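Notes follow once the structure below has been shown.
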Protein chains: 2
Amino acid sequence: MIVDVSKKILIVGLGLLGGSYARALKRFGFHISAITKEQSSIEYALREGLIDQGSTQLDARIIGQADLVVFALYPHIFVEWIEQNQHLLKSGALITDVTGVKGGIVYKIQDMLRPDVEFIAAHPMAGLEVSGVENSTDKIFAGANYIVTPTSKNTPEAIQTCMELGRLLGFSNVATLSPEEHDEMIGFLSQLTHCIAITLMTCNDKADMEKFTGDSFRDLTRIARINDLMWSELFVANKPALLEQMNLFIDKFNELKTMLETEDMDGMRRMMRHSTERRALFDKK
Amino acid sequence: MIVDVSKKILIVGLGLLGGSYARALKRFGFHISAITKEQSSIEYALREGLIDQGSTQLDARIIGQADLVVFALYPHIFVEWIEQNQHLLKSGALITDVTGVKGGIVYKIQDMLRPDVEFIAAHPMAGLEVSGVENSTDKIFAGANYIVTPTSKNTPEAIQTCMELGRLLGFSNVATLSPEEHDEMIGFLSQLTHCIAITLMTCNDKADMEKFTGDSFRDLTRIARINDLMWSELFVANKPALLEQMNLFIDKFNELKTMLETEDMDGMRRMMRHSTERRALFDKK
């Protein structure tokens with residue numbers, strides 16, 4: 001199946017990301033349904049023209065007619081949903097997701113899934129610090145990465161369809177990685193940075209520090225305001241890869257500490273020059 | 001001495017910060033001199049009307065006529081300058097500085113200084129990622145902190161004068177801290193954040209990470225582009241306080257790592273909620 005506008009799309013979980021998918025895809029005229037927890041989310045999406053129909057129930061008719069199903073749920077809820085409700089999916093349906101960790105999810109879902117339904121995993125690397133369909137916007141996809149993480153169980157057609165979906169959504173970069181490469185990358189670039197930010201924010205509770213703070217500290221702790229329910233789950237779901245990245249960080253931090261203790265100026269300056277050079281690679285192009 | 005416009009001010013070290021001092025103070029009509037390494041800096045400052053006179057030499061006449069001398073030099077160069085040239089200072093002169101660490105500098109300078117000259121230390125917490133008098137601007141002082149760090153050797157008049165200087169420069173907040181309080185605060189808010197940024201930037205050299213980077217990683221590594229000469233010196237100059245802050249950070253980071261290893265969801269969520277609450281204190285007012 002290659003995405004064409006006669007296909008019916010179902011979004012399960014109509015929050016910020018699910019709503020933003022609906023908003024972006026509706027521009028092309030797709031028939032879009034939604035299943036989500038809150039009636040108010042359905043009503044908002046109908047009123048705004050983001051979806052054609054929706055339900056807070058497991059509506060067998062809505063689920064059974066969908067050619068492409070996007071799961072925008074917390075990881076463990078996604079797994080439970082498939083366990084309990086996969087019999088409702090249409091034969092030949094393609095399902096995909098938005099989960100921020102892959103290794104612990106992709107194989108589990110593919111192993112339990114009916115043979116006549118295919119799961120191709122994807123991670124849209126976009127978000128906002130607010131939540132809910134009311135805050136949805138397709139602007140978050142511009143300039144962002146969409147990573148498809150196929151396994152040996154995936155067909156070339158499903159991989160192509162999923163990549164095309166990423167381009168239709170408006171992502172600037174659409175790429176594939178193995179689930180393991182993805183988890184290492186996300187463990188380093190996203191999860192480790194959040195671990196560092198919350199540690200920095202909580203390791204010294206001395207009063208009045210905020211009176212003297214400057215932009216450096218504010219930059220390093222912007223993401224220290226964190227959704228504890230979601231991130232604790234994502235950390236555990238990516239435990240081996242994240243622990244490896246945390247250990248890399250601790251080893252290097254201890255190296256720097258030893259150089260400071262021994263006043264190894266050359267060593268510190270070498271590390272700083274390496275840091276300066278490497279940071280240039282990460283500038284916005 | 002309370003600052004009045006008949007006083008003659010000398011700036012030693014006409015870089016970004018020294019130049020910005022000159023620019024801010026010239027608005028009030030002070031007579032301003034400069035001594036600095038490069039003839040081109042003097043020429044630029046004269047052409048722009050930032051200073052009335054300047055020299056790349058130890059001009060005894062210029063130094064001897066200054067009522068207030070601001071040293072905007074690297075810490076070890078400041079100490080050497082005083083050792084070698086303090087005989088040139090006018091009797092009754094007040095000297096101050098811009099050094100980012102205090103405990104290791106203030107007592108050393110005060111102990112070696114002539115009894116008829118007073119040193120009152122200050123840390124203007126302002127800067128830019130560029131250097132040189134050509135980039136100087138008094139805009140960097142708006143919204144920023146100016147910290148005076150008096151000791152028992154300082155007179156109330158010198159403390160008042162130095163605080164008034166901070167206000168004349170345009171700093172939004174002018175406060176006093178002991179050198180020790182200052183160094184703990186700066187060790188945490190500024191130096192530890194730089195240690196973290198350069199560690200994150202250098203702990204994983206895997207290729208192609210930059211293709212997938214998002215704003216979180218960019219925020220945490222903005223300051224990983226670093227002046228290696230200056231920061232290695234500042235780290236060592238504040239070694240005991242910085243090591244203490246590094247240890248606080250390592251202990252908390254290891255706590256988080258243990259919670260992840262044992263999948264202690266409650267513990268992680270408690271830490272994240274603590275982080276979220278504490279971050280709110282640090283929002284820009």
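Going through the structure tokens in order, the chains are called A, B, and so on, while each chain numbers its residues from 1 and the ligands are numbered from 1 in the order shown.
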Requested in this report: Please provide the set of residues having any atom within 12 Å of stretch 162-174 of chain B, restricted to only C-alpha atoms, with same-chain residues fewer than 4 positions apart removed, written as JSON, numbers by chain.
Outcome: {"A": [211, 212, 213, 214], "B": [1, 2, 3, 4, 5, 9, 17, 18, 19, 20, 21, 22, 23, 24, 25, 26, 27, 28, 29, 30, 68, 69, 70, 94, 95, 96, 97, 98, 118, 119, 120, 121, 122, 123, 124, 125, 126, 137, 138, 139, 140, 141, 142, 143, 144, 145, 146, 147, 148, 149, 150, 154, 155, 156, 157, 158]}
**Message:** If the cut-off is 6 Å, can you tell me the residues of chain A near chain B, counting only C-alpha atoms? I'd like them as an MDAnalysis selection string.
**Reply:** chainID A and resid 189 198:199 201:203 210 217 219:220 224:226 228 248:249 252:253 269 272 275:276 282
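When the distance limit is 12 Å and only C-alpha atoms are what count, the residues near A:Glu43, minus those fewer than 3 positions from it on the same chain, are Leu14, Ala34, Ile35, Thr36, Lys37, Glu38, Gln39, Ser40, Leu46, Arg47, Glu48, Gly49, Leu50, Ile51, Asp52, Gln53, Gly54, Ser55, Thr56, Val133 and Glu134 of chain A.
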What's the 12 Å shell around A:Asp116, counting only C-alpha atoms, without same-chain residues fewer than 5 positions away, as a VMD selection string?
chain A and resid 86 to 87 89 to 95 110
Please produce an output containing N, CA and C atoms for each residue in the selection, written as a PDB file, in the first residue's frame.
```pdb
ATOM      1  N   GLN A  86      -6.418  -6.271  18.794  1.00  0.00           N
ATOM      2  CA  GLN A  86      -5.940  -6.426  17.420  1.00  0.00           C
ATOM      3  C   GLN A  86      -6.910  -7.214  16.528  1.00  0.00           C
ATOM      4  N   HIS A  87      -7.791  -7.984  17.171  1.00  0.00           N
ATOM      5  CA  HIS A  87      -8.781  -8.719  16.366  1.00  0.00           C
ATOM      6  C   HIS A  87      -9.729  -7.768  15.632  1.00  0.00           C
ATOM      7  N   LEU A  89      -8.807  -5.101  13.980  1.00  0.00           N
ATOM      8  CA  LEU A  89      -8.163  -4.462  12.827  1.00  0.00           C
ATOM      9  C   LEU A  89      -8.578  -5.156  11.527  1.00  0.00           C
ATOM     10  N   LYS A  90      -8.616  -4.368  10.460  1.00  0.00           N
ATOM     11  CA  LYS A  90      -8.954  -4.890   9.136  1.00  0.00           C
ATOM     12  C   LYS A  90      -7.803  -5.756   8.614  1.00  0.00           C
ATOM     13  N   SER A  91      -8.130  -6.810   7.929  1.00  0.00           N
ATOM     14  CA  SER A  91      -7.087  -7.624   7.320  1.00  0.00           C
ATOM     15  C   SER A  91      -6.366  -6.783   6.268  1.00  0.00           C
ATOM     16  N   GLY A  92      -5.039  -6.805   6.280  1.00  0.00           N
ATOM     17  CA  GLY A  92      -4.282  -5.999   5.330  1.00  0.00           C
ATOM     18  C   GLY A  92      -3.966  -4.595   5.828  1.00  0.00           C
ATOM     19  N   ALA A  93      -4.443  -4.268   7.012  1.00  0.00           N
ATOM     20  CA  ALA A  93      -4.160  -2.920   7.547  1.00  0.00           C
ATOM     21  C   ALA A  93      -2.670  -2.757   7.834  1.00  0.00           C
ATOM     22  N   LEU A  94      -2.213  -1.524   7.713  1.00  0.00           N
ATOM     23  CA  LEU A  94      -0.840  -1.190   8.105  1.00  0.00           C
ATOM     24  C   LEU A  94      -0.927  -0.356   9.371  1.00  0.00           C
ATOM     25  N   ILE A  95      -0.150  -0.703  10.387  1.00  0.00           N
ATOM     26  CA  ILE A  95      -0.167   0.125  11.588  1.00  0.00           C
ATOM     27  C   ILE A  95       1.213   0.705  11.844  1.00  0.00           C
ATOM     28  N   GLN A 110       5.518  -6.720  16.893  1.00  0.00           N
ATOM     29  CA  GLN A 110       5.575  -7.558  15.676  1.00  0.00           C
ATOM     30  C   GLN A 110       5.396  -9.032  16.013  1.00  0.00           C
TER      31      GLN A 110
END
```
> So which bits of stretch 10-200 of chain A end up strand (DSSP E) when you DSSP the backbone, as a VMD selection string?
Replying inline: chain A and resid 10 to 12 31 to 35 53 to 55 68 to 71 94 to 97 118 to 119 122 to 125 145 to 148 173 to 176
Would you write out those residues with N, CA, C and O atoms, as a short mmCIF file (atom, residue, chain, number, x, y, z; two decimals), in the first residue's frame?
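File produced: result.cif:
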```cif
data_model
loop_
_atom_site.label_atom_id
_atom_site.label_comp_id
_atom_site.auth_asym_id
_atom_site.auth_seq_id
_atom_site.Cartn_x
_atom_site.Cartn_y
_atom_site.Cartn_z
N LEU A 10 -6.88 5.99 10.65
CA LEU A 10 -7.38 6.06 12.03
C LEU A 10 -6.24 6.48 12.95
O LEU A 10 -5.13 5.92 12.87
N ILE A 11 -6.52 7.45 13.81
CA ILE A 11 -5.53 7.87 14.81
C ILE A 11 -6.04 7.44 16.19
O ILE A 11 -7.13 7.82 16.60
N VAL A 12 -5.26 6.62 16.87
CA VAL A 12 -5.64 6.18 18.22
C VAL A 12 -4.82 6.98 19.21
O VAL A 12 -3.59 6.86 19.26
N HIS A 31 -9.69 10.63 4.59
CA HIS A 31 -10.76 10.35 5.55
C HIS A 31 -10.09 9.97 6.87
O HIS A 31 -9.35 8.98 6.93
N ILE A 32 -10.33 10.74 7.90
CA ILE A 32 -9.62 10.53 9.16
C ILE A 32 -10.59 10.28 10.31
O ILE A 32 -11.53 11.04 10.53
N SER A 33 -10.33 9.19 11.03
CA SER A 33 -11.09 8.86 12.23
C SER A 33 -10.17 8.97 13.44
O SER A 33 -8.94 8.94 13.29
N ALA A 34 -10.79 9.05 14.62
CA ALA A 34 -9.98 9.07 15.84
C ALA A 34 -10.68 8.29 16.93
O ALA A 34 -11.90 8.31 17.05
N ILE A 35 -9.88 7.59 17.72
CA ILE A 35 -10.37 6.98 18.95
C ILE A 35 -9.49 7.53 20.05
O ILE A 35 -8.26 7.47 19.96
N GLN A 53 -14.76 11.47 11.80
CA GLN A 53 -15.57 10.79 12.82
C GLN A 53 -14.64 10.40 13.96
O GLN A 53 -13.41 10.32 13.79
N GLY A 54 -15.26 10.16 15.13
CA GLY A 54 -14.43 9.78 16.27
C GLY A 54 -15.27 9.17 17.37
O GLY A 54 -16.49 9.30 17.37
N SER A 55 -14.58 8.48 18.28
CA SER A 55 -15.30 7.83 19.37
C SER A 55 -14.38 7.69 20.57
O SER A 55 -13.15 7.59 20.43
N LEU A 68 -4.90 2.47 7.41
CA LEU A 68 -3.66 2.86 8.09
C LEU A 68 -4.04 3.34 9.50
O LEU A 68 -4.91 4.21 9.64
N VAL A 69 -3.41 2.75 10.51
CA VAL A 69 -3.71 3.14 11.89
C VAL A 69 -2.44 3.70 12.53
O VAL A 69 -1.39 3.06 12.50
N VAL A 70 -2.55 4.92 13.07
CA VAL A 70 -1.42 5.55 13.77
C VAL A 70 -1.70 5.50 15.27
O VAL A 70 -2.70 6.07 15.74
N PHE A 71 -0.85 4.82 16.01
CA PHE A 71 -1.00 4.78 17.47
C PHE A 71 -0.15 5.88 18.10
O PHE A 71 1.08 5.84 18.02
N LEU A 94 -2.21 -1.52 7.71
CA LEU A 94 -0.84 -1.19 8.10
C LEU A 94 -0.93 -0.36 9.37
O LEU A 94 -1.71 0.60 9.43
N ILE A 95 -0.15 -0.70 10.39
CA ILE A 95 -0.17 0.13 11.59
C ILE A 95 1.21 0.70 11.84
O ILE A 95 2.24 0.12 11.51
N THR A 96 1.22 1.90 12.41
CA THR A 96 2.48 2.58 12.75
C THR A 96 2.29 3.29 14.08
O THR A 96 1.19 3.25 14.67
N ASP A 97 3.35 3.92 14.58
CA ASP A 97 3.29 4.53 15.92
C ASP A 97 4.12 5.80 15.97
O ASP A 97 4.65 6.24 14.94
N GLU A 118 0.42 -5.52 9.29
CA GLU A 118 1.86 -5.22 9.41
C GLU A 118 2.09 -3.99 10.27
O GLU A 118 1.40 -2.99 10.13
N PHE A 119 3.09 -4.09 11.15
CA PHE A 119 3.48 -2.94 11.98
C PHE A 119 4.82 -2.41 11.50
O PHE A 119 5.83 -3.10 11.54
N ALA A 122 7.74 4.03 13.66
CA ALA A 122 8.31 5.32 13.30
C ALA A 122 8.39 6.22 14.52
O ALA A 122 7.61 6.09 15.46
N HIS A 123 9.34 7.12 14.52
CA HIS A 123 9.48 8.09 15.59
C HIS A 123 9.53 9.49 14.99
O HIS A 123 10.54 9.89 14.43
N PRO A 124 8.40 10.22 15.09
CA PRO A 124 8.40 11.61 14.66
C PRO A 124 9.06 12.45 15.75
O PRO A 124 8.53 12.56 16.85
N MET A 125 10.24 13.00 15.47
CA MET A 125 10.99 13.74 16.51
C MET A 125 10.51 15.18 16.58
O MET A 125 11.23 16.12 16.22
N ASN A 145 12.95 15.79 12.31
CA ASN A 145 13.30 14.47 11.76
C ASN A 145 12.19 13.46 11.98
O ASN A 145 11.57 13.44 13.04
N TYR A 146 11.98 12.60 10.99
CA TYR A 146 11.04 11.50 11.09
C TYR A 146 11.83 10.22 10.81
O TYR A 146 12.38 10.05 9.72
N ILE A 147 11.93 9.35 11.83
CA ILE A 147 12.78 8.17 11.72
C ILE A 147 11.92 6.92 11.63
O ILE A 147 11.14 6.63 12.54
N VAL A 148 12.07 6.17 10.55
CA VAL A 148 11.40 4.88 10.39
C VAL A 148 12.40 3.80 10.84
O VAL A 148 13.58 3.87 10.49
N ASN A 173 13.26 15.96 7.32
CA ASN A 173 14.18 14.86 7.08
C ASN A 173 13.49 13.55 7.43
O ASN A 173 12.99 13.38 8.54
N VAL A 174 13.46 12.64 6.46
CA VAL A 174 12.86 11.32 6.67
C VAL A 174 13.97 10.30 6.45
O VAL A 174 14.61 10.30 5.40
N ALA A 175 14.25 9.49 7.48
CA ALA A 175 15.38 8.56 7.39
C ALA A 175 14.99 7.23 8.02
O ALA A 175 13.97 7.13 8.70
N THR A 176 15.80 6.20 7.76
CA THR A 176 15.60 4.93 8.45
C THR A 176 16.82 4.62 9.31
O THR A 176 17.95 4.97 8.96
#
```
Min atom-atom distance to A:Glu180 from the set A:Gly132, A:Gly127, A:Gly104, A:Gly13, counting only C-alpha atoms, belongs to A:Gly104
